[in-house]
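Colleague: Sending over my_file.txt (compact mmCIF, C-alpha atoms).
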```txt
# COMPACT_ATOMS: atom_id res chain seq x y z
CA MET A 1458 35.23 0.84 1.46
CA LYS A 1459 33.78 1.59 4.90
CA THR A 1460 30.89 -0.61 6.02
CA LEU A 1461 28.33 0.38 8.63
CA TYR A 1462 25.74 -1.94 10.17
CA ILE A 1463 22.66 -0.11 11.47
CA LEU A 1464 20.96 -2.24 14.10
CA SER A 1465 18.78 -2.20 17.18
CA HIS A 1466 17.77 -4.43 20.07
CA GLN A 1467 14.12 -4.00 19.03
CA PRO A 1468 12.06 -3.83 15.82
CA PHE A 1469 10.59 -0.55 14.55
CA ALA A 1470 13.19 1.58 16.33
CA GLY A 1471 13.82 3.77 13.27
CA LYS A 1472 16.67 1.94 11.54
CA THR A 1473 15.31 2.68 8.07
CA LEU A 1474 14.86 6.37 8.91
CA VAL A 1475 18.49 6.66 10.06
CA THR A 1476 19.72 4.66 7.05
CA ILE A 1477 17.98 6.96 4.58
CA GLY A 1478 19.29 10.04 6.41
CA ILE A 1479 22.91 8.89 6.39
CA LEU A 1480 22.86 7.63 2.80
CA ASN A 1481 21.29 10.85 1.56
CA SER A 1482 23.82 12.98 3.44
CA LEU A 1483 26.76 10.95 2.10
CA MET A 1484 25.43 11.23 -1.45
CA GLU A 1485 25.02 15.00 -1.07
CA GLN A 1486 28.71 15.15 -0.08
CA GLY A 1487 29.66 13.35 -3.27
CA PHE A 1488 30.50 9.94 -1.82
CA SER A 1489 29.61 6.74 -3.67
CA VAL A 1490 27.35 4.56 -1.55
CA GLY A 1491 25.72 1.17 -1.45
CA TYR A 1492 23.01 -0.43 0.65
CA ILE A 1493 22.27 -4.06 1.53
CA LYS A 1494 19.43 -5.51 3.61
CA PRO A 1495 21.00 -8.89 4.50
CA ILE A 1496 17.81 -10.35 6.00
CA GLY A 1497 14.43 -9.35 4.62
CA LEU A 1498 11.44 -9.93 6.88
CA THR A 1499 8.71 -8.22 4.85
CA PRO A 1500 8.62 -9.82 1.40
CA GLN A 1501 7.29 -7.87 -1.55
CA LYS A 1502 7.03 -9.26 -5.05
CA ARG A 1503 8.78 -7.61 -7.96
CA GLY A 1504 8.49 -9.52 -11.17
CA GLU A 1505 8.80 -13.18 -10.28
CA SER A 1506 11.01 -12.64 -7.23
CA LEU A 1507 10.55 -11.60 -3.60
CA PHE A 1508 12.56 -8.77 -2.09
CA ASP A 1509 12.50 -6.92 1.22
CA THR A 1510 10.06 -4.00 1.36
CA ASP A 1511 12.60 -1.64 2.97
CA ALA A 1512 15.20 -2.57 0.37
CA ILE A 1513 12.78 -1.70 -2.43
CA LEU A 1514 11.86 1.55 -0.69
CA ILE A 1515 15.44 2.71 -0.17
CA LYS A 1516 16.50 1.78 -3.71
CA GLU A 1517 13.63 3.79 -5.19
CA LEU A 1518 13.81 6.77 -2.83
CA LEU A 1519 17.56 7.27 -3.36
CA ASN A 1520 17.78 5.99 -6.95
CA LEU A 1521 20.42 3.40 -6.06
CA LYS A 1522 21.94 1.71 -9.11
CA ASP A 1523 22.40 -1.80 -7.77
CA PRO A 1524 19.80 -4.45 -8.69
CA LEU A 1525 17.38 -5.66 -6.04
CA GLU A 1526 19.01 -9.11 -6.15
CA VAL A 1527 22.10 -7.45 -4.63
CA ILE A 1528 20.37 -5.00 -2.30
CA SER A 1529 18.05 -7.70 -0.93
CA PRO A 1530 19.96 -11.00 -1.22
CA PHE A 1531 17.80 -13.04 1.17
CA VAL A 1532 14.17 -12.81 2.31
CA VAL A 1533 12.56 -14.94 5.01
CA THR A 1534 9.33 -16.62 3.87
CA TYR A 1535 6.98 -19.26 5.23
CA GLU A 1536 9.07 -21.90 3.48
CA THR A 1537 12.41 -20.86 5.02
CA ILE A 1538 12.43 -23.20 8.03
CA GLY A 1539 11.26 -26.11 5.87
CA TYR A 1540 14.04 -25.45 3.39
CA LEU A 1541 16.50 -25.17 6.30
CA LYS A 1542 15.48 -28.60 7.64
CA GLU A 1543 15.80 -30.10 4.17
CA GLY A 1544 19.19 -28.48 3.54
CA ARG A 1545 17.88 -26.54 0.55
CA LEU A 1546 18.74 -22.98 1.61
CA GLY A 1547 22.32 -23.00 0.40
CA ASN A 1548 25.04 -20.73 1.78
CA ILE A 1549 23.14 -17.57 2.67
CA LYS A 1550 26.13 -15.90 4.32
CA LYS A 1551 28.15 -16.33 1.11
CA LYS A 1552 25.29 -14.84 -0.91
CA ILE A 1553 25.28 -11.78 1.35
CA GLY A 1554 29.09 -11.61 1.16
CA ASP A 1555 28.97 -11.73 -2.64
CA ALA A 1556 26.53 -8.82 -2.63
CA LEU A 1557 28.92 -6.84 -0.47
CA ASP A 1558 31.90 -7.78 -2.66
CA SER A 1559 30.07 -6.35 -5.68
CA MET A 1560 30.17 -2.95 -3.96
CA ARG A 1561 33.90 -2.90 -3.20
CA ASP A 1562 34.32 0.23 -5.31
CA ARG A 1563 32.03 2.31 -3.03
CA ASP A 1564 33.18 4.73 -0.39
CA PHE A 1565 30.53 3.60 2.06
CA VAL A 1566 28.16 0.63 2.25
CA ILE A 1567 25.38 0.46 4.82
CA LEU A 1568 23.91 -2.85 5.96
CA GLY A 1569 20.43 -2.61 7.40
CA GLY A 1570 19.59 -4.71 10.43
CA ALA A 1571 16.33 -6.66 10.62
CA GLY A 1572 14.19 -6.94 13.72
CA ASN A 1573 16.68 -7.15 16.58
CA ILE A 1574 20.35 -8.11 16.85
CA PHE A 1575 19.49 -11.81 17.18
CA THR A 1576 17.23 -12.03 14.12
CA GLY A 1577 18.68 -14.64 11.77
CA SER A 1578 20.65 -16.50 14.45
CA ILE A 1579 19.23 -19.89 13.43
CA LEU A 1580 20.60 -19.24 9.95
CA GLY A 1581 23.96 -17.88 11.15
CA ILE A 1582 23.25 -14.44 9.66
CA ASP A 1583 22.28 -12.43 12.74
CA SER A 1584 23.67 -8.91 13.09
CA LEU A 1585 26.41 -9.93 15.55
CA SER A 1586 27.70 -12.67 13.23
CA LEU A 1587 27.66 -10.45 10.14
CA LEU A 1588 29.39 -7.61 12.01
CA GLU A 1589 32.39 -9.87 12.59
CA GLU A 1590 32.20 -11.53 9.18
CA PHE A 1591 32.35 -8.21 7.33
CA ARG A 1592 34.36 -6.28 9.94
CA SER A 1593 31.77 -3.54 10.05
CA LYS A 1594 31.17 -0.78 12.54
CA ALA A 1595 27.79 -0.79 14.31
CA LEU A 1596 25.48 2.19 14.74
CA CYS A 1597 22.67 1.44 17.17
CA VAL A 1598 19.22 3.00 16.98
CA GLU A 1599 17.29 3.28 20.23
CA SER A 1600 13.59 4.17 20.33
CA PHE A 1601 13.42 6.29 23.48
CA SER A 1602 11.80 4.60 26.47
CA GLY A 1603 12.93 6.85 29.30
CA ASP A 1604 15.88 6.03 31.53
CA PRO A 1605 15.85 2.33 30.46
CA SER A 1606 17.27 3.56 27.15
CA LEU A 1607 20.55 4.08 29.00
CA ASP A 1608 20.63 0.36 29.82
CA ASN A 1609 19.72 -0.60 26.27
CA ILE A 1610 22.49 1.46 24.69
CA ALA A 1611 25.10 0.47 27.28
CA GLY A 1612 24.09 -3.18 26.91
CA LEU A 1613 24.46 -3.08 23.14
CA ARG A 1614 27.92 -1.57 23.46
CA ARG A 1615 28.94 -4.35 25.85
CA ILE A 1616 27.64 -7.07 23.51
CA ILE A 1617 29.07 -5.55 20.34
CA GLY A 1618 32.41 -4.53 21.80
CA LYS A 1619 35.07 -2.89 19.65
CA ARG A 1620 32.79 -2.66 16.61
CA PHE A 1621 30.35 -0.37 18.42
CA LEU A 1622 30.51 3.10 16.83
CA GLY A 1623 27.77 4.95 18.68
CA ALA A 1624 24.04 5.42 18.81
CA VAL A 1625 21.06 7.47 17.72
CA ILE A 1626 18.13 8.05 20.08
CA ASN A 1627 14.86 8.23 18.18
CA ARG A 1628 11.24 9.19 18.90
CA VAL A 1629 11.93 11.39 21.90
CA PRO A 1630 8.77 13.20 23.10
CA LYS A 1631 9.17 16.95 22.74
CA GLN A 1632 8.75 17.51 26.48
CA ALA A 1633 11.71 15.18 27.13
CA LEU A 1634 14.09 16.57 24.49
CA SER A 1635 15.99 18.95 26.76
CA TYR A 1636 16.41 16.24 29.41
CA VAL A 1637 17.76 13.75 26.86
CA LYS A 1638 20.13 16.27 25.29
CA GLU A 1639 21.43 17.73 28.54
CA ASN A 1640 21.46 14.70 30.83
CA ILE A 1641 21.35 11.41 28.97
CA ARG A 1642 23.69 12.51 26.19
CA SER A 1643 26.23 13.99 28.62
CA TYR A 1644 26.15 10.89 30.83
CA LEU A 1645 26.66 8.51 27.90
CA ASP A 1646 29.39 10.74 26.50
CA ALA A 1647 31.20 10.53 29.84
CA GLU A 1648 30.95 6.74 29.54
CA GLY A 1649 32.60 6.89 26.12
CA ILE A 1650 29.39 6.30 24.18
CA LYS A 1651 28.90 8.70 21.28
CA ILE A 1652 25.34 9.84 20.57
CA PHE A 1653 25.33 11.18 17.02
CA GLY A 1654 21.69 12.23 16.92
CA ILE A 1655 18.63 12.74 19.09
CA PHE A 1656 15.48 12.78 16.98
CA PRO A 1657 12.18 14.10 18.32
CA ARG A 1658 8.93 12.22 17.88
CA ASP A 1659 7.50 13.78 14.73
CA GLU A 1660 3.86 13.78 13.66
CA VAL A 1661 4.65 13.90 9.96
CA LEU A 1662 7.11 10.98 10.03
CA GLU A 1663 4.73 8.86 12.11
CA ALA A 1664 1.66 9.76 10.08
CA LEU A 1665 -0.22 7.11 8.12
CA SER A 1666 -1.44 7.78 4.62
CA VAL A 1667 -5.10 7.16 3.87
CA ARG A 1668 -3.92 4.42 1.53
CA ASP A 1669 -2.07 2.74 4.45
CA ILE A 1670 -5.27 2.85 6.49
CA VAL A 1671 -7.34 1.36 3.67
CA SER A 1672 -4.84 -1.49 3.35
CA LEU A 1673 -4.60 -2.06 7.09
CA LEU A 1674 -8.38 -2.24 7.56
CA ASN A 1675 -9.17 -3.90 4.23
CA ALA A 1676 -11.61 -1.03 3.81
CA LYS A 1677 -14.01 -0.22 1.00
CA VAL A 1678 -13.37 3.22 -0.51
CA LEU A 1679 -16.72 4.95 -1.03
CA CYS A 1680 -15.29 8.16 -2.48
CA GLY A 1681 -12.10 10.22 -2.58
CA GLU A 1682 -9.86 7.77 -4.43
CA ASP A 1683 -7.72 10.72 -5.57
CA ARG A 1684 -6.92 11.66 -1.94
CA LEU A 1685 -5.55 8.35 -0.69
CA ASP A 1686 -1.98 9.67 -0.40
CA GLU A 1687 -2.98 12.36 2.12
CA LEU A 1688 -1.23 11.98 5.49
CA VAL A 1689 -3.21 11.46 8.69
CA GLU A 1690 -1.47 12.77 11.81
CA HIS A 1691 -4.22 12.29 14.40
CA PHE A 1692 -7.09 9.90 15.03
CA THR A 1693 -10.33 10.75 16.81
CA VAL A 1694 -13.44 8.76 17.66
CA GLY A 1695 -16.77 10.45 16.96
CA ALA A 1696 -19.11 8.97 19.55
CA MET A 1697 -20.43 12.11 21.30
CA ASP A 1698 -23.31 14.46 20.50
CA VAL A 1699 -22.81 16.57 17.40
CA ASP A 1700 -22.35 19.95 19.16
CA ASN A 1701 -19.52 18.66 21.34
CA ALA A 1702 -18.08 16.75 18.40
CA LEU A 1703 -17.81 19.90 16.29
CA LYS A 1704 -15.95 21.77 19.06
CA TYR A 1705 -13.64 18.80 19.49
CA PHE A 1706 -12.98 18.33 15.78
CA ARG A 1707 -12.06 22.00 15.32
CA ARG A 1708 -9.15 21.63 17.73
CA ILE A 1709 -7.51 18.77 15.80
CA SER A 1710 -5.98 19.14 12.34
CA ASN A 1711 -5.07 16.56 9.68
CA LYS A 1712 -7.13 13.88 11.36
CA ALA A 1713 -9.07 10.73 10.67
CA VAL A 1714 -12.50 10.50 12.27
CA ILE A 1715 -13.63 7.02 13.28
CA THR A 1716 -17.39 6.76 13.72
CA GLY A 1717 -20.30 4.40 13.22
CA CYS A 1718 -21.75 4.12 9.73
CA HIS A 1719 -25.14 5.25 11.12
CA ARG A 1720 -23.77 8.52 12.59
CA SER A 1721 -24.34 10.78 9.58
CA ASP A 1722 -24.53 13.80 11.92
CA ILE A 1723 -20.95 13.17 13.11
CA GLN A 1724 -19.76 12.50 9.57
CA LEU A 1725 -21.19 15.80 8.29
CA ALA A 1726 -19.74 17.71 11.26
CA ALA A 1727 -16.28 16.23 10.68
CA MET A 1728 -16.26 17.52 7.11
CA GLU A 1729 -16.60 21.10 8.39
CA THR A 1730 -13.12 20.78 9.95
CA SER A 1731 -9.62 19.67 8.92
CA THR A 1732 -10.36 16.01 8.22
CA LYS A 1733 -8.30 13.78 5.94
CA VAL A 1734 -10.55 10.72 6.00
CA ILE A 1735 -13.69 9.44 7.70
CA ILE A 1736 -13.68 5.78 8.70
CA LEU A 1737 -17.18 4.32 8.90
CA THR A 1738 -17.37 1.30 11.18
CA GLY A 1739 -19.87 -1.52 11.44
CA GLY A 1740 -21.08 -1.46 7.85
CA THR A 1741 -20.23 -1.04 4.21
CA GLY A 1742 -21.93 2.17 3.13
CA ALA A 1743 -23.05 5.75 3.82
CA ASN A 1744 -26.13 7.73 2.88
CA ASP A 1745 -26.25 9.80 -0.29
CA VAL A 1746 -26.15 13.16 1.50
CA VAL A 1747 -22.90 12.26 3.29
CA ILE A 1748 -21.29 10.91 0.12
CA ALA A 1749 -22.28 13.99 -1.89
CA LYS A 1750 -20.78 16.32 0.73
CA ALA A 1751 -17.62 14.22 1.02
CA ILE A 1752 -17.11 14.47 -2.74
CA SER A 1753 -17.62 18.25 -2.69
CA LYS A 1754 -15.22 18.66 0.27
CA GLY A 1755 -12.62 16.24 -1.10
CA VAL A 1756 -12.73 14.01 2.00
CA PRO A 1757 -12.36 10.25 1.42
CA LEU A 1758 -14.97 8.02 2.99
CA ILE A 1759 -13.95 4.46 3.75
CA ALA A 1760 -16.13 1.74 5.24
CA VAL A 1761 -15.18 -1.30 7.30
CA GLU A 1762 -17.19 -4.11 8.85
CA TYR A 1763 -15.15 -3.96 12.07
CA ASP A 1764 -16.55 -2.23 15.14
CA THR A 1765 -14.99 1.02 16.34
CA PHE A 1766 -12.96 -0.62 19.13
CA THR A 1767 -11.36 -3.08 16.69
CA VAL A 1768 -10.49 -0.28 14.25
CA VAL A 1769 -8.84 1.77 17.00
CA ASP A 1770 -6.89 -1.29 18.17
CA LYS A 1771 -5.61 -2.05 14.67
CA ILE A 1772 -4.56 1.56 14.06
CA GLU A 1773 -2.79 1.82 17.42
CA GLY A 1774 -0.81 -1.29 16.50
CA MET A 1775 0.34 0.40 13.29
CA LEU A 1776 1.33 3.79 14.73
CA GLY A 1777 5.06 4.40 14.67
CA LYS A 1778 5.58 1.65 12.07
CA SER A 1779 4.72 3.50 8.88
CA ARG A 1780 7.36 3.74 6.16
CA ILE A 1781 8.78 6.85 4.52
CA LYS A 1782 7.13 6.61 1.11
CA GLU A 1783 5.65 10.07 0.57
CA ASP A 1784 7.63 13.14 -0.56
CA ARG A 1785 6.45 15.13 2.44
CA LYS A 1786 7.84 12.53 4.82
CA LEU A 1787 11.16 12.37 2.95
CA GLN A 1788 11.56 16.14 3.06
CA ARG A 1789 10.72 16.21 6.77
CA LEU A 1790 13.28 13.45 7.41
CA LYS A 1791 15.97 15.45 5.61
CA GLU A 1792 15.14 18.53 7.69
CA ILE A 1793 15.30 16.67 11.01
CA PHE A 1794 18.46 14.83 10.02
CA LYS A 1795 20.31 18.05 9.13
CA GLU A 1796 19.19 19.66 12.39
CA GLU A 1797 19.77 16.78 14.78
CA PHE A 1798 22.44 14.41 13.38
CA ASN A 1799 26.08 15.33 13.96
CA MET A 1800 27.42 14.28 10.58
CA GLU A 1801 30.87 15.73 11.27
CA ALA A 1802 31.33 13.64 14.43
CA PHE A 1803 29.94 10.59 12.65
CA MET A 1804 32.38 10.93 9.74
CA GLU A 1805 35.29 11.37 12.11
CA ALA A 1806 34.30 8.25 14.09
CA ILE A 1807 33.72 5.96 11.11
CA ARG A 1808 37.02 6.89 9.50
CA VAL A 1809 39.03 5.84 12.57
```
Could you rewrite the structure in this file as structure tokens?

Modeller:
Amino acid sequence: MKTLYILSHQPFAGKTLVTIGILNSLMEQGFSVGYIKPIGLTPQKRGESLFDTDAILIKELLNLKDPLEVISPFVVTYETIGYLKEGRLGNIKKKIGDALDSMRDRDFVILGGAGNIFTGSILGIDSLSLLEEFRSKALCVESFSGDPSLDNIAGLRRIIGKRFLGAVINRVPKQALSYVKENIRSYLDAEGIKIFGIFPRDEVLEALSVRDIVSLLNAKVLCGEDRLDELVEHFTVGAMDVDNALKYFRRISNKAVITGCHRSDIQLAAMETSTKVIILTGGTGANDVVIAKAISKGVPLIAVEYDTFTVVDKIEGMLGKSRIKEDRKLQRLKEIFKEEFNMEAFMEAIRV
């Protein structure tokens, strides 16, 4: 059994994306695989128990056979520190080790890092500790931030040492792709740091579903309940006069339009273009003409009591953090992974 720990120095770098890509590729090659999320930070209830959201997602997307109790052996909750002080947590590291032992018959097992490499240190189950405990290799995921990404990757290699396998650079703007591939990759390669993949920033992968937006904003759905799984790739604010708004809306596809609940002129104009949802701010309703047209056009209308600025702020905080739940996202991930991840070099490195 080969074990691989996928980690990062920062949250939301794309660890889950890389995990799904590698597991899917290994399964397509006929290898038996397993997955464990040692530390869950986003609890989700299944039955009477709490499990990590990413663990549930990966199990369901890839039809993994192991029970959630094994895939997600420990989840941090509000009670965790209290239980720690009272000595009621038990041996978490052993619980994670038992989960790994149950997969000894697999060719490959991937462990998914949580947050950053220090997450779980107070409990003795941070990524660095578990790397040594389970003698895993480490694959680092770096969300591209310009030249500082060189420091981040080099720093992780120094901290991790001999267990460092290589890295993936994620969310590279398209205008920077050639620079990263020709300059950053070649420099790191000369330093003995393998870069197995360079993934471009992708609108589909970073898109939010209308359902995600409804949940984020605690919005009231006025119509279009059957379109909540549509993906929104762009967000625009409708605060201009209607003639300019229409010209602007026509240039942007697959968008959400954020506008005041009183701006029925903007709402009607948005529905003449490629609009996935209209977010009405500052109220809880829309007039009958707008609702009737939205129903005929198949455009969901959702209403929130927040003002437009607050809505924009909340959405900006969510961008780049959406999970791969929809089939369209999964297919796009598979395409990018096959194009940009050097699976042959990865397999050679992990077998050493």

Colleague: Using only C-alpha atoms, can you tell me which of A:Ile1759, A:Leu1703, A:Leu1662, A:Val1629 comes closest to Cys1718 in chain A?

Modeller: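 Checking each of A:Ile1759, A:Leu1703, A:Leu1662, A:Val1629 against Cys1718 in chain A, counting only C-alpha atoms, the winner is A:Ile1759.
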
Colleague: My list of candidates is A:His1466, A:Lys1502, A:Lys1638, A:Lys1631. Which is closest to Asp1608 in chain A when distances are computed with only C-alpha atoms?

Modeller: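 With only C-alpha atoms as the atom set, the closest residue is A:His1466.
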
Colleague: May I ask which of the residues A:Val1769, A:Val1532, A:Leu1464, A:Leu1518 is the closest one to Phe1575 in chain A, counting all atoms listed in the file?

Modeller: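 Once distances to Phe1575 in chain A are computed over all atoms listed in the file, the minimum belongs to A:Leu1464.
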
Colleague: Point out the residue among A:Ile1528, A:Ala1647, A:Ala1633, A:Leu1596 with the least atom-to-atom distance to Ala1556 in chain A, counting all atoms listed in the file.

Modeller: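 So, comparing all the options, the nearest one is A:Ile1528.
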
Colleague: What's the separation between CA of Val1768 in chain A and CA of Thr1732 in chain A, in Å to one decimal place?

Modeller: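 Straight-line distance from CA of Val1768 in chain A to CA of Thr1732 in chain A works out to 17.4 Å.
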
Colleague: Calculated over all atoms listed in the file, which of the candidates A:Ser1584, A:Gly1612, A:Val1527, A:Val1625 has the smallest distance to Phe1794 in chain A?

Modeller: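 Of A:Ser1584, A:Gly1612, A:Val1527, A:Val1625, the one nearest Phe1794 in chain A is A:Val1625, counting all atoms listed in the file.
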
Colleague: Between CA of Gly1695 in chain A and CA of Arg1668 in chain A, what is the distance in Å, rounded to a tenth?

Modeller: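 These two atoms are separated by 21.0 Å.
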
Colleague: Compare A:Ser1731, A:Thr1537, A:Thr1460, A:Ser1465 by their minimum atom-to-atom distance to Ser1593 in chain A, counting all atoms listed in the file, and give me the closest one.

Modeller: A:Thr1460

Colleague: Quick one, how far is CA of Leu1541 in chain A from CA of Arg1503 in chain A?

Modeller: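 Atom-to-atom, CA of Leu1541 in chain A and CA of Arg1503 in chain A are spaced 23.9 Å apart.
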
Colleague: Need to verify the contact set: Ile1617 in chain A, 9 Å, all atoms listed in the file, exclusion of same-chain residues closer than 4 positions in sequence. Can you return it as an MDAnalysis selection string?

Modeller: chainID A and resid 1585 1588 1595 1612:1613 1621

Colleague: Would you give the centre and edge lengths, in Å to one decimal, of a box along x, y and z around the listed atoms of range 1536-1552 of chain A, with 4 Å added to each side, as JSON?

Modeller:
```
{"center_x": 18.6, "center_y": -22.5, "center_z": 3.6, "size_x": 27.1, "size_y": 23.3, "size_z": 16.9}
```

Colleague: I'd like the contact shell of Ser1506 in chain A - 12 Å cut-off, only C-alpha atoms, skipping same-chain residues fewer than 3 positions apart - returned as a VMD selection string.

Modeller: chain A and resid 1500 to 1503 1509 1525 to 1526 1529 to 1532 1534

Colleague: Counting only C-alpha atoms, select every polymer residue within 9 Å of (13.8, 17.8, 20.1) as defined in the file's coordinates, and provide the selection as a list in words.

Modeller: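 Returned residue set, sorted by chain then number, is Val1629, Pro1630, Lys1631, Gln1632, Ala1633, Leu1634, Ser1635, Val1637, Lys1638, Ile1655, Phe1656, Pro1657, Arg1658 and Glu1797 of chain A.
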
Colleague: Do you know which residues are at most 10 Å from Arg1592 in chain A counting all atoms listed in the file, after dropping those on the same chain fewer than 4 positions away, and could you put them as a list in words?

Modeller: Lys1459, Thr1460, Leu1461, Tyr1462, Ser1586, Leu1587, Leu1588 and Arg1620 of chain A
